[in-house]
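Asker: This is the content of model-v1.txt (compact mmCIF, N, CA and C atoms):
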```txt
# COMPACT_ATOMS: atom_id res chain seq x y z
N ALA A 17 0.85 -1.18 0.00
CA ALA A 17 0.00 0.00 0.00
C ALA A 17 0.89 1.24 0.00
N ASP A 18 0.36 2.30 -0.57
CA ASP A 18 1.08 3.57 -0.66
C ASP A 18 0.08 4.68 -0.39
N ILE A 19 0.26 5.39 0.70
CA ILE A 19 -0.64 6.49 1.03
C ILE A 19 0.11 7.80 0.87
N SER A 20 -0.45 8.67 0.03
CA SER A 20 0.15 9.97 -0.25
C SER A 20 -0.79 11.06 0.28
N VAL A 21 -0.22 12.03 0.97
CA VAL A 21 -1.02 13.07 1.62
C VAL A 21 -0.47 14.45 1.27
N ILE A 22 -1.36 15.39 1.02
CA ILE A 22 -0.99 16.80 0.90
C ILE A 22 -1.66 17.52 2.06
N ARG A 23 -0.85 18.30 2.78
CA ARG A 23 -1.36 19.07 3.93
C ARG A 23 -1.21 20.56 3.66
N MET A 24 -2.12 21.31 4.28
CA MET A 24 -2.01 22.76 4.24
C MET A 24 -2.37 23.27 5.64
N ASP A 25 -1.46 24.01 6.21
CA ASP A 25 -1.63 24.53 7.57
C ASP A 25 -1.99 23.42 8.56
N GLY A 26 -1.38 22.25 8.38
CA GLY A 26 -1.59 21.13 9.28
C GLY A 26 -2.81 20.27 8.96
N ASP A 27 -3.69 20.73 8.07
CA ASP A 27 -4.88 19.97 7.70
C ASP A 27 -4.61 19.13 6.45
N VAL A 28 -5.10 17.91 6.45
CA VAL A 28 -5.01 17.06 5.27
C VAL A 28 -6.04 17.55 4.26
N ILE A 29 -5.58 17.90 3.06
CA ILE A 29 -6.51 18.40 2.04
C ILE A 29 -6.59 17.47 0.83
N SER A 30 -5.70 16.50 0.74
CA SER A 30 -5.75 15.53 -0.35
C SER A 30 -5.07 14.24 0.08
N VAL A 31 -5.70 13.12 -0.26
CA VAL A 31 -5.14 11.81 0.06
C VAL A 31 -5.32 10.91 -1.15
N VAL A 32 -4.28 10.14 -1.46
CA VAL A 32 -4.40 9.11 -2.49
C VAL A 32 -3.93 7.80 -1.89
N LEU A 33 -4.83 6.81 -1.93
CA LEU A 33 -4.45 5.47 -1.54
C LEU A 33 -4.07 4.75 -2.83
N GLY A 34 -2.83 4.39 -2.93
CA GLY A 34 -2.34 3.71 -4.12
C GLY A 34 -1.70 2.39 -3.74
N LEU A 35 -1.25 1.69 -4.74
CA LEU A 35 -0.56 0.43 -4.55
C LEU A 35 0.72 0.48 -5.36
N ARG A 36 1.78 -0.11 -4.83
CA ARG A 36 3.04 -0.21 -5.57
C ARG A 36 3.40 -1.66 -5.69
N GLY A 37 3.80 -2.03 -6.89
CA GLY A 37 4.21 -3.40 -7.11
C GLY A 37 5.16 -3.46 -8.28
N ASP A 38 6.24 -4.19 -8.09
CA ASP A 38 7.27 -4.33 -9.12
C ASP A 38 7.67 -2.95 -9.63
N ASP A 39 7.36 -2.67 -10.89
CA ASP A 39 7.77 -1.40 -11.49
C ASP A 39 6.58 -0.49 -11.76
N ARG A 40 5.49 -0.63 -10.97
CA ARG A 40 4.27 0.13 -11.23
C ARG A 40 3.72 0.82 -9.99
N PHE A 41 3.04 1.93 -10.26
CA PHE A 41 2.23 2.58 -9.24
C PHE A 41 0.78 2.47 -9.70
N TYR A 42 -0.08 2.00 -8.83
CA TYR A 42 -1.50 1.86 -9.14
C TYR A 42 -2.27 2.94 -8.38
N TYR A 43 -2.82 3.88 -9.12
CA TYR A 43 -3.58 5.01 -8.58
C TYR A 43 -4.98 4.49 -8.28
N TRP A 44 -5.29 4.31 -6.99
CA TRP A 44 -6.49 3.58 -6.65
C TRP A 44 -7.62 4.47 -6.12
N ILE A 45 -7.45 5.05 -4.94
CA ILE A 45 -8.55 5.80 -4.34
C ILE A 45 -8.09 7.22 -4.00
N PRO A 46 -8.46 8.20 -4.84
CA PRO A 46 -8.13 9.59 -4.52
C PRO A 46 -9.27 10.24 -3.74
N SER A 47 -8.92 11.20 -2.90
CA SER A 47 -9.92 11.95 -2.15
C SER A 47 -9.32 13.31 -1.80
N PHE A 48 -10.13 14.35 -1.89
CA PHE A 48 -9.63 15.67 -1.53
C PHE A 48 -10.74 16.51 -0.93
N ASP A 49 -10.34 17.53 -0.23
CA ASP A 49 -11.25 18.43 0.44
C ASP A 49 -11.97 19.29 -0.60
N ASP A 50 -13.29 19.23 -0.61
CA ASP A 50 -14.09 19.97 -1.59
C ASP A 50 -13.92 21.48 -1.51
N ARG A 51 -13.47 21.97 -0.37
CA ARG A 51 -13.28 23.42 -0.23
C ARG A 51 -12.21 23.95 -1.20
N TYR A 52 -11.37 23.06 -1.71
CA TYR A 52 -10.27 23.46 -2.60
C TYR A 52 -10.51 23.01 -4.04
N LEU A 53 -11.76 22.74 -4.37
CA LEU A 53 -12.12 22.24 -5.69
C LEU A 53 -11.62 23.15 -6.81
N GLN A 54 -11.72 24.46 -6.63
CA GLN A 54 -11.34 25.40 -7.70
C GLN A 54 -9.84 25.42 -7.98
N TYR A 55 -9.03 24.79 -7.12
CA TYR A 55 -7.58 24.83 -7.30
C TYR A 55 -7.01 23.60 -8.00
N SER A 56 -7.86 22.72 -8.50
CA SER A 56 -7.41 21.51 -9.20
C SER A 56 -6.44 20.70 -8.35
N LEU A 57 -6.80 20.51 -7.12
CA LEU A 57 -5.94 19.79 -6.19
C LEU A 57 -5.66 18.36 -6.66
N GLY A 58 -6.66 17.72 -7.24
CA GLY A 58 -6.47 16.36 -7.75
C GLY A 58 -5.39 16.29 -8.83
N LYS A 59 -5.42 17.25 -9.75
CA LYS A 59 -4.40 17.30 -10.81
C LYS A 59 -3.01 17.52 -10.22
N HIS A 60 -2.95 18.39 -9.24
CA HIS A 60 -1.66 18.68 -8.60
C HIS A 60 -1.13 17.43 -7.90
N HIS A 61 -2.01 16.70 -7.24
CA HIS A 61 -1.59 15.49 -6.53
C HIS A 61 -1.09 14.43 -7.53
N ILE A 62 -1.80 14.29 -8.64
CA ILE A 62 -1.36 13.35 -9.68
C ILE A 62 0.02 13.75 -10.20
N GLN A 63 0.22 15.04 -10.44
CA GLN A 63 1.53 15.51 -10.93
C GLN A 63 2.64 15.15 -9.94
N LEU A 64 2.40 15.36 -8.67
CA LEU A 64 3.41 15.01 -7.65
C LEU A 64 3.68 13.50 -7.63
N LEU A 65 2.61 12.71 -7.77
CA LEU A 65 2.78 11.25 -7.78
C LEU A 65 3.54 10.79 -9.02
N LEU A 66 3.26 11.40 -10.15
CA LEU A 66 3.99 11.06 -11.39
C LEU A 66 5.47 11.42 -11.26
N GLN A 67 5.76 12.58 -10.69
CA GLN A 67 7.16 12.98 -10.49
C GLN A 67 7.87 11.99 -9.56
N ARG A 68 7.18 11.59 -8.49
CA ARG A 68 7.76 10.62 -7.56
C ARG A 68 7.97 9.27 -8.24
N ALA A 69 7.02 8.86 -9.07
CA ALA A 69 7.14 7.58 -9.78
C ALA A 69 8.36 7.60 -10.71
N CYS A 70 8.56 8.71 -11.40
CA CYS A 70 9.74 8.84 -12.29
C CYS A 70 11.03 8.81 -11.48
N LYS A 71 11.04 9.54 -10.36
CA LYS A 71 12.23 9.59 -9.51
C LYS A 71 12.58 8.20 -8.96
N ASN A 72 11.56 7.38 -8.72
CA ASN A 72 11.77 6.03 -8.21
C ASN A 72 11.89 4.98 -9.31
N ASN A 73 12.05 5.45 -10.55
CA ASN A 73 12.25 4.57 -11.71
C ASN A 73 11.12 3.58 -11.93
N LEU A 74 9.90 3.98 -11.60
CA LEU A 74 8.75 3.12 -11.91
C LEU A 74 8.45 3.24 -13.40
N LYS A 75 8.11 2.13 -14.00
CA LYS A 75 7.90 2.09 -15.46
C LYS A 75 6.48 2.46 -15.88
N ARG A 76 5.52 2.23 -14.99
CA ARG A 76 4.12 2.49 -15.34
C ARG A 76 3.38 3.16 -14.19
N PHE A 77 2.46 4.01 -14.58
CA PHE A 77 1.54 4.66 -13.65
C PHE A 77 0.16 4.23 -14.12
N ASP A 78 -0.48 3.37 -13.37
CA ASP A 78 -1.74 2.75 -13.79
C ASP A 78 -2.91 3.42 -13.07
N PHE A 79 -3.82 4.03 -13.85
CA PHE A 79 -4.99 4.66 -13.27
C PHE A 79 -6.08 3.65 -12.93
N MET A 80 -5.85 2.42 -13.27
CA MET A 80 -6.76 1.32 -12.98
C MET A 80 -8.09 1.47 -13.73
N ILE A 81 -9.13 0.85 -13.20
CA ILE A 81 -10.41 0.76 -13.91
C ILE A 81 -11.10 2.12 -13.99
N GLY A 82 -11.74 2.37 -15.12
CA GLY A 82 -12.54 3.59 -15.29
C GLY A 82 -12.05 4.42 -16.46
N ASP A 83 -12.96 5.14 -17.07
CA ASP A 83 -12.61 5.96 -18.23
C ASP A 83 -12.88 7.43 -17.98
N GLU A 84 -12.68 7.86 -16.73
CA GLU A 84 -12.92 9.26 -16.40
C GLU A 84 -12.01 10.17 -17.22
N ASP A 85 -12.54 11.36 -17.52
CA ASP A 85 -11.82 12.31 -18.37
C ASP A 85 -10.43 12.65 -17.85
N TYR A 86 -10.30 12.84 -16.53
CA TYR A 86 -9.01 13.26 -16.00
C TYR A 86 -7.94 12.20 -16.27
N LYS A 87 -8.31 10.94 -16.31
CA LYS A 87 -7.34 9.88 -16.59
C LYS A 87 -6.84 9.98 -18.03
N MET A 88 -7.74 10.30 -18.94
CA MET A 88 -7.37 10.39 -20.35
C MET A 88 -6.42 11.56 -20.61
N ARG A 89 -6.48 12.59 -19.77
CA ARG A 89 -5.58 13.74 -19.95
C ARG A 89 -4.13 13.37 -19.64
N TRP A 90 -3.92 12.39 -18.77
CA TRP A 90 -2.58 12.02 -18.34
C TRP A 90 -2.07 10.77 -19.06
N ALA A 91 -2.97 9.95 -19.57
CA ALA A 91 -2.59 8.64 -20.09
C ALA A 91 -1.93 8.71 -21.46
N THR A 92 -1.07 7.75 -21.71
CA THR A 92 -0.46 7.60 -23.04
C THR A 92 -1.02 6.38 -23.75
N GLY A 93 -1.85 5.62 -23.07
CA GLY A 93 -2.45 4.44 -23.67
C GLY A 93 -3.55 3.88 -22.79
N ILE A 94 -4.29 2.97 -23.36
CA ILE A 94 -5.41 2.34 -22.66
C ILE A 94 -5.24 0.83 -22.76
N VAL A 95 -5.48 0.16 -21.66
CA VAL A 95 -5.48 -1.30 -21.64
C VAL A 95 -6.89 -1.74 -21.29
N ASP A 96 -7.48 -2.55 -22.13
CA ASP A 96 -8.84 -3.01 -21.88
C ASP A 96 -8.88 -4.01 -20.74
N ASN A 97 -9.94 -3.94 -19.96
CA ASN A 97 -10.21 -4.91 -18.90
C ASN A 97 -11.43 -5.71 -19.34
N TYR A 98 -11.39 -6.99 -19.12
CA TYR A 98 -12.51 -7.84 -19.49
C TYR A 98 -13.02 -8.58 -18.28
N GLU A 99 -14.30 -8.88 -18.32
CA GLU A 99 -14.94 -9.62 -17.26
C GLU A 99 -15.81 -10.69 -17.92
N VAL A 100 -15.76 -11.88 -17.41
CA VAL A 100 -16.60 -12.96 -17.91
C VAL A 100 -17.60 -13.31 -16.80
N VAL A 101 -18.88 -13.28 -17.16
CA VAL A 101 -19.93 -13.58 -16.20
C VAL A 101 -20.73 -14.76 -16.74
N ILE A 102 -20.96 -15.74 -15.88
CA ILE A 102 -21.75 -16.91 -16.26
C ILE A 102 -23.04 -16.87 -15.43
N TYR A 103 -24.17 -16.97 -16.12
CA TYR A 103 -25.47 -16.90 -15.46
C TYR A 103 -26.12 -18.28 -15.37
N ARG A 104 -26.98 -18.41 -14.38
CA ARG A 104 -27.70 -19.67 -14.18
C ARG A 104 -28.80 -19.86 -15.21
N ASN A 105 -29.38 -18.71 -15.68
CA ASN A 105 -30.46 -18.83 -16.67
C ASN A 105 -30.49 -17.58 -17.55
N ALA A 106 -31.27 -17.65 -18.61
CA ALA A 106 -31.34 -16.56 -19.58
C ALA A 106 -31.98 -15.31 -18.99
N PHE A 107 -32.95 -15.47 -18.10
CA PHE A 107 -33.61 -14.30 -17.50
C PHE A 107 -32.60 -13.47 -16.70
N ALA A 108 -31.80 -14.11 -15.89
CA ALA A 108 -30.80 -13.39 -15.09
C ALA A 108 -29.82 -12.67 -15.99
N ALA A 109 -29.42 -13.31 -17.09
CA ALA A 109 -28.48 -12.68 -18.03
C ALA A 109 -29.11 -11.46 -18.69
N LYS A 110 -30.33 -11.58 -19.15
CA LYS A 110 -30.99 -10.45 -19.82
C LYS A 110 -31.22 -9.30 -18.86
N PHE A 111 -31.61 -9.61 -17.63
CA PHE A 111 -31.82 -8.56 -16.64
C PHE A 111 -30.52 -7.82 -16.34
N ASP A 112 -29.42 -8.53 -16.20
CA ASP A 112 -28.13 -7.91 -15.92
C ASP A 112 -27.66 -7.05 -17.09
N ILE A 113 -27.85 -7.53 -18.29
CA ILE A 113 -27.47 -6.77 -19.49
C ILE A 113 -28.30 -5.49 -19.59
N LEU A 114 -29.60 -5.60 -19.32
CA LEU A 114 -30.48 -4.43 -19.34
C LEU A 114 -30.03 -3.41 -18.29
N LYS A 115 -29.72 -3.88 -17.08
CA LYS A 115 -29.26 -3.00 -16.01
C LYS A 115 -27.95 -2.30 -16.42
N HIS A 116 -27.05 -3.05 -17.02
CA HIS A 116 -25.77 -2.49 -17.47
C HIS A 116 -25.98 -1.43 -18.54
N ASP A 117 -26.84 -1.70 -19.52
CA ASP A 117 -27.11 -0.74 -20.60
C ASP A 117 -27.76 0.54 -20.06
N TRP A 118 -28.68 0.42 -19.11
CA TRP A 118 -29.31 1.59 -18.50
C TRP A 118 -28.29 2.42 -17.76
N ARG A 119 -27.41 1.75 -17.04
CA ARG A 119 -26.38 2.47 -16.28
C ARG A 119 -25.48 3.27 -17.23
N LEU A 120 -25.06 2.67 -18.33
CA LEU A 120 -24.23 3.37 -19.32
C LEU A 120 -24.97 4.57 -19.91
N MET A 121 -26.24 4.37 -20.25
CA MET A 121 -27.02 5.45 -20.84
C MET A 121 -27.16 6.61 -19.85
N LEU A 122 -27.47 6.30 -18.60
CA LEU A 122 -27.62 7.35 -17.59
C LEU A 122 -26.30 8.07 -17.33
N LYS A 123 -25.20 7.34 -17.37
CA LYS A 123 -23.89 7.97 -17.18
C LYS A 123 -23.60 8.96 -18.31
N LYS A 124 -23.93 8.59 -19.55
CA LYS A 124 -23.72 9.49 -20.68
C LYS A 124 -24.58 10.74 -20.56
N VAL A 125 -25.85 10.55 -20.16
CA VAL A 125 -26.75 11.69 -19.99
C VAL A 125 -26.20 12.62 -18.91
N LYS A 126 -25.78 12.04 -17.78
CA LYS A 126 -25.22 12.83 -16.68
C LYS A 126 -23.99 13.60 -17.13
N ASN A 127 -23.08 12.92 -17.84
CA ASN A 127 -21.83 13.55 -18.25
C ASN A 127 -22.04 14.66 -19.27
N ASN A 128 -23.16 14.65 -19.99
CA ASN A 128 -23.44 15.67 -20.99
C ASN A 128 -24.28 16.82 -20.44
N SER A 129 -24.54 16.81 -19.15
CA SER A 129 -25.36 17.85 -18.53
C SER A 129 -24.65 18.40 -17.30
N ALA A 130 -24.36 19.69 -17.33
CA ALA A 130 -23.70 20.32 -16.18
C ALA A 130 -24.61 20.25 -14.95
N LEU A 131 -25.91 20.46 -15.14
CA LEU A 131 -26.85 20.42 -14.03
C LEU A 131 -26.90 19.03 -13.40
N LEU A 132 -27.01 17.99 -14.23
CA LEU A 132 -27.06 16.63 -13.69
C LEU A 132 -25.74 16.23 -13.04
N SER A 133 -24.64 16.70 -13.58
CA SER A 133 -23.33 16.41 -12.97
C SER A 133 -23.24 17.01 -11.57
N LYS A 134 -23.70 18.25 -11.43
CA LYS A 134 -23.69 18.91 -10.12
C LYS A 134 -24.63 18.19 -9.15
N LEU A 135 -25.80 17.79 -9.66
CA LEU A 135 -26.75 17.05 -8.84
C LEU A 135 -26.15 15.73 -8.38
N TRP A 136 -25.44 15.05 -9.27
CA TRP A 136 -24.78 13.78 -8.94
C TRP A 136 -23.76 13.97 -7.82
N ILE A 137 -22.96 15.02 -7.92
CA ILE A 137 -21.96 15.31 -6.88
C ILE A 137 -22.66 15.59 -5.55
N TRP A 138 -23.74 16.37 -5.59
CA TRP A 138 -24.47 16.68 -4.36
C TRP A 138 -25.05 15.42 -3.73
N ILE A 139 -25.64 14.56 -4.54
CA ILE A 139 -26.21 13.31 -4.03
C ILE A 139 -25.11 12.43 -3.45
N SER A 140 -23.97 12.38 -4.10
CA SER A 140 -22.85 11.57 -3.61
C SER A 140 -22.40 12.05 -2.24
N LYS A 141 -22.38 13.36 -2.03
CA LYS A 141 -21.98 13.91 -0.73
C LYS A 141 -23.01 13.58 0.34
N VAL A 142 -24.28 13.66 -0.01
CA VAL A 142 -25.36 13.41 0.95
C VAL A 142 -25.34 11.94 1.39
N ARG A 143 -25.02 11.04 0.48
CA ARG A 143 -25.02 9.61 0.79
C ARG A 143 -23.90 9.22 1.74
N ARG A 144 -22.84 10.01 1.85
CA ARG A 144 -21.71 9.67 2.73
C ARG A 144 -22.11 9.60 4.12
```
Could I get this structure in the form of structure tokens?
Answerer:
Amino acid sequence: ADISVIRMDGDVISVVLGLRGDDRFYYWIPSFDDRYLQYSLGKHHIQLLLQRACKNNLKRFDFMIGDEDYKMRWATGIVDNYEVVIYRNAFAAKFDILKHDWRLMLKKVKNNSALLSKLWIWISKVRR
């Protein structure tokens, strides 16, 4: 495990839980204080982690699963992940496929709407 922290005036304002193995850094769980959202704290933390990875001669910086926009800004390539699921019956398979397709459609709608994106962030905070 690799825990990286940025502090300001003694307060933790950004944390990244990552993993290190062989010649790679795996960027796993980032979190930062919302009060500093306008300062691109996440980007700054990634930059510091990339600099540290280079200094430690790591060959790869893996953003892991997900196709979020911020990952594409830093990445030089994409590696596909595959999952194989075996169902007990056709109904379970069709239901899961339908659920997956709805989730993708809703994600696209959310990502194309500033209002829905803000609502999503607000709901995510309330659920914590």
Asker: Could you please write out, as a VMD selection string, every residue of chain A that DSSP assigns to helix (DSSP H, G or I)?
Answerer: chain A and resid 50 to 55 57 to 71 85 to 90 106 to 127 130 to 143
Asker: Measuring between only C-alpha atoms, which one of A:Tyr86, A:Trp136, A:Phe48, A:Phe41 shows the shortest distance to A:Leu65?
Answerer: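 Going through A:Tyr86, A:Trp136, A:Phe48, A:Phe41 one by one, the smallest distance to A:Leu65 is for A:Phe41.
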Asker: Write out as a PyMOL selection string each polymer residue whose atoms come within 7 Å of A:Ile29, counting only N, CA and C atoms; drop sequence neighbours fewer than 6 positions from it.
Answerer: chain A and resi 21-23+47-49
Asker: I want to know what sits within 8 Å of stretch 66-70 of chain A, based on all atoms listed in the file, with residues of the same chain fewer than 6 positions away left out; could you give that as a ChimeraX atom specification?
Answerer: /A:40-41,60,76-77
Asker: Just the number, please: distance in Å from atom N of A:Ala17 to atom N of A:Arg36, one decimal.
Answerer: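 Computed distance, atom N of A:Ala17 to atom N of A:Arg36, equals 5.0 Å.
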Asker: Return the single residue from A:Val100, A:Ala108, A:Met80, A:Ile19 that is closest to A:Tyr43, with distances computed using all atoms listed in the file.
Answerer: A:Met80
Asker: Tell me which protein, DNA and RNA residues are within 12 Å of A:Arg89, counting only C-alpha atoms, leaving out same-chain ones fewer than 4 positions away, and put them as a PyMOL selection string.
Answerer: chain A and resi 59+62-63+79+83-85+93-94
Asker: Return as an mmCIF file with N, CA and C atoms, in the frame of the given file the full set of residues in chain A whose backbone-based DSSP assignment is strand (DSSP E).
Answerer:
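Writing done, so here's selection-v3.cif:
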```cif
data_model
loop_
_atom_site.group_PDB
_atom_site.id
_atom_site.type_symbol
_atom_site.label_atom_id
_atom_site.label_comp_id
_atom_site.auth_asym_id
_atom_site.auth_seq_id
_atom_site.Cartn_x
_atom_site.Cartn_y
_atom_site.Cartn_z
ATOM 1 N N ASP A 18 0.360 2.300 -0.570
ATOM 2 C CA ASP A 18 1.080 3.570 -0.660
ATOM 3 C C ASP A 18 0.080 4.680 -0.390
ATOM 4 N N ILE A 19 0.260 5.390 0.700
ATOM 5 C CA ILE A 19 -0.640 6.490 1.030
ATOM 6 C C ILE A 19 0.110 7.800 0.870
ATOM 7 N N SER A 20 -0.450 8.670 0.030
ATOM 8 C CA SER A 20 0.150 9.970 -0.250
ATOM 9 C C SER A 20 -0.790 11.060 0.280
ATOM 10 N N VAL A 21 -0.220 12.030 0.970
ATOM 11 C CA VAL A 21 -1.020 13.070 1.620
ATOM 12 C C VAL A 21 -0.470 14.450 1.270
ATOM 13 N N ILE A 22 -1.360 15.390 1.020
ATOM 14 C CA ILE A 22 -0.990 16.800 0.900
ATOM 15 C C ILE A 22 -1.660 17.520 2.060
ATOM 16 N N ARG A 23 -0.850 18.300 2.780
ATOM 17 C CA ARG A 23 -1.360 19.070 3.930
ATOM 18 C C ARG A 23 -1.210 20.560 3.660
ATOM 19 N N MET A 24 -2.120 21.310 4.280
ATOM 20 C CA MET A 24 -2.010 22.760 4.240
ATOM 21 C C MET A 24 -2.370 23.270 5.640
ATOM 22 N N ASP A 27 -3.690 20.730 8.070
ATOM 23 C CA ASP A 27 -4.880 19.970 7.700
ATOM 24 C C ASP A 27 -4.610 19.130 6.450
ATOM 25 N N VAL A 28 -5.100 17.910 6.450
ATOM 26 C CA VAL A 28 -5.010 17.060 5.270
ATOM 27 C C VAL A 28 -6.040 17.550 4.260
ATOM 28 N N ILE A 29 -5.580 17.900 3.060
ATOM 29 C CA ILE A 29 -6.510 18.400 2.040
ATOM 30 C C ILE A 29 -6.590 17.470 0.830
ATOM 31 N N SER A 30 -5.700 16.500 0.740
ATOM 32 C CA SER A 30 -5.750 15.530 -0.350
ATOM 33 C C SER A 30 -5.070 14.240 0.080
ATOM 34 N N VAL A 31 -5.700 13.120 -0.260
ATOM 35 C CA VAL A 31 -5.140 11.810 0.060
ATOM 36 C C VAL A 31 -5.320 10.910 -1.150
ATOM 37 N N VAL A 32 -4.280 10.140 -1.460
ATOM 38 C CA VAL A 32 -4.400 9.110 -2.490
ATOM 39 C C VAL A 32 -3.930 7.800 -1.890
ATOM 40 N N LEU A 33 -4.830 6.810 -1.930
ATOM 41 C CA LEU A 33 -4.450 5.470 -1.540
ATOM 42 C C LEU A 33 -4.070 4.750 -2.830
ATOM 43 N N GLY A 34 -2.830 4.390 -2.930
ATOM 44 C CA GLY A 34 -2.340 3.710 -4.120
ATOM 45 C C GLY A 34 -1.700 2.390 -3.740
ATOM 46 N N LEU A 35 -1.250 1.690 -4.740
ATOM 47 C CA LEU A 35 -0.560 0.430 -4.550
ATOM 48 C C LEU A 35 0.720 0.480 -5.360
ATOM 49 N N ARG A 36 1.780 -0.110 -4.830
ATOM 50 C CA ARG A 36 3.040 -0.210 -5.570
ATOM 51 C C ARG A 36 3.400 -1.660 -5.690
ATOM 52 N N GLY A 37 3.800 -2.030 -6.890
ATOM 53 C CA GLY A 37 4.210 -3.400 -7.110
ATOM 54 C C GLY A 37 5.160 -3.460 -8.280
ATOM 55 N N ARG A 40 5.490 -0.630 -10.970
ATOM 56 C CA ARG A 40 4.270 0.130 -11.230
ATOM 57 C C ARG A 40 3.720 0.820 -9.990
ATOM 58 N N PHE A 41 3.040 1.930 -10.260
ATOM 59 C CA PHE A 41 2.230 2.580 -9.240
ATOM 60 C C PHE A 41 0.780 2.470 -9.700
ATOM 61 N N TYR A 42 -0.080 2.000 -8.830
ATOM 62 C CA TYR A 42 -1.500 1.860 -9.140
ATOM 63 C C TYR A 42 -2.270 2.940 -8.380
ATOM 64 N N TYR A 43 -2.820 3.880 -9.120
ATOM 65 C CA TYR A 43 -3.580 5.010 -8.580
ATOM 66 C C TYR A 43 -4.980 4.490 -8.280
ATOM 67 N N TRP A 44 -5.290 4.310 -6.990
ATOM 68 C CA TRP A 44 -6.490 3.580 -6.650
ATOM 69 C C TRP A 44 -7.620 4.470 -6.120
ATOM 70 N N ILE A 45 -7.450 5.050 -4.940
ATOM 71 C CA ILE A 45 -8.550 5.800 -4.340
ATOM 72 C C ILE A 45 -8.090 7.220 -4.000
ATOM 73 N N PRO A 46 -8.460 8.200 -4.840
ATOM 74 C CA PRO A 46 -8.130 9.590 -4.520
ATOM 75 C C PRO A 46 -9.270 10.240 -3.740
ATOM 76 N N SER A 47 -8.920 11.200 -2.900
ATOM 77 C CA SER A 47 -9.920 11.950 -2.150
ATOM 78 C C SER A 47 -9.320 13.310 -1.800
ATOM 79 N N PHE A 48 -10.130 14.350 -1.890
ATOM 80 C CA PHE A 48 -9.630 15.670 -1.530
ATOM 81 C C PHE A 48 -10.740 16.510 -0.930
ATOM 82 N N ARG A 76 5.520 2.230 -14.990
ATOM 83 C CA ARG A 76 4.120 2.490 -15.340
ATOM 84 C C ARG A 76 3.380 3.160 -14.190
ATOM 85 N N PHE A 77 2.460 4.010 -14.580
ATOM 86 C CA PHE A 77 1.540 4.660 -13.650
ATOM 87 C C PHE A 77 0.160 4.230 -14.120
ATOM 88 N N ASP A 78 -0.480 3.370 -13.370
ATOM 89 C CA ASP A 78 -1.740 2.750 -13.790
ATOM 90 C C ASP A 78 -2.910 3.420 -13.070
#
```
Asker: Would you work out the distance separating atom CA of A:Ala106 from atom CA of A:Val125, expressed in Å to one decimal?
Answerer: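 Separation of atom CA of A:Ala106 and atom CA of A:Val125: 28.6 Å.
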Asker: Could you please determine the separation between atom CA of A:Gln54 and atom N of A:Leu120 in Å, to one decimal place?
Answerer: 28.6 Å
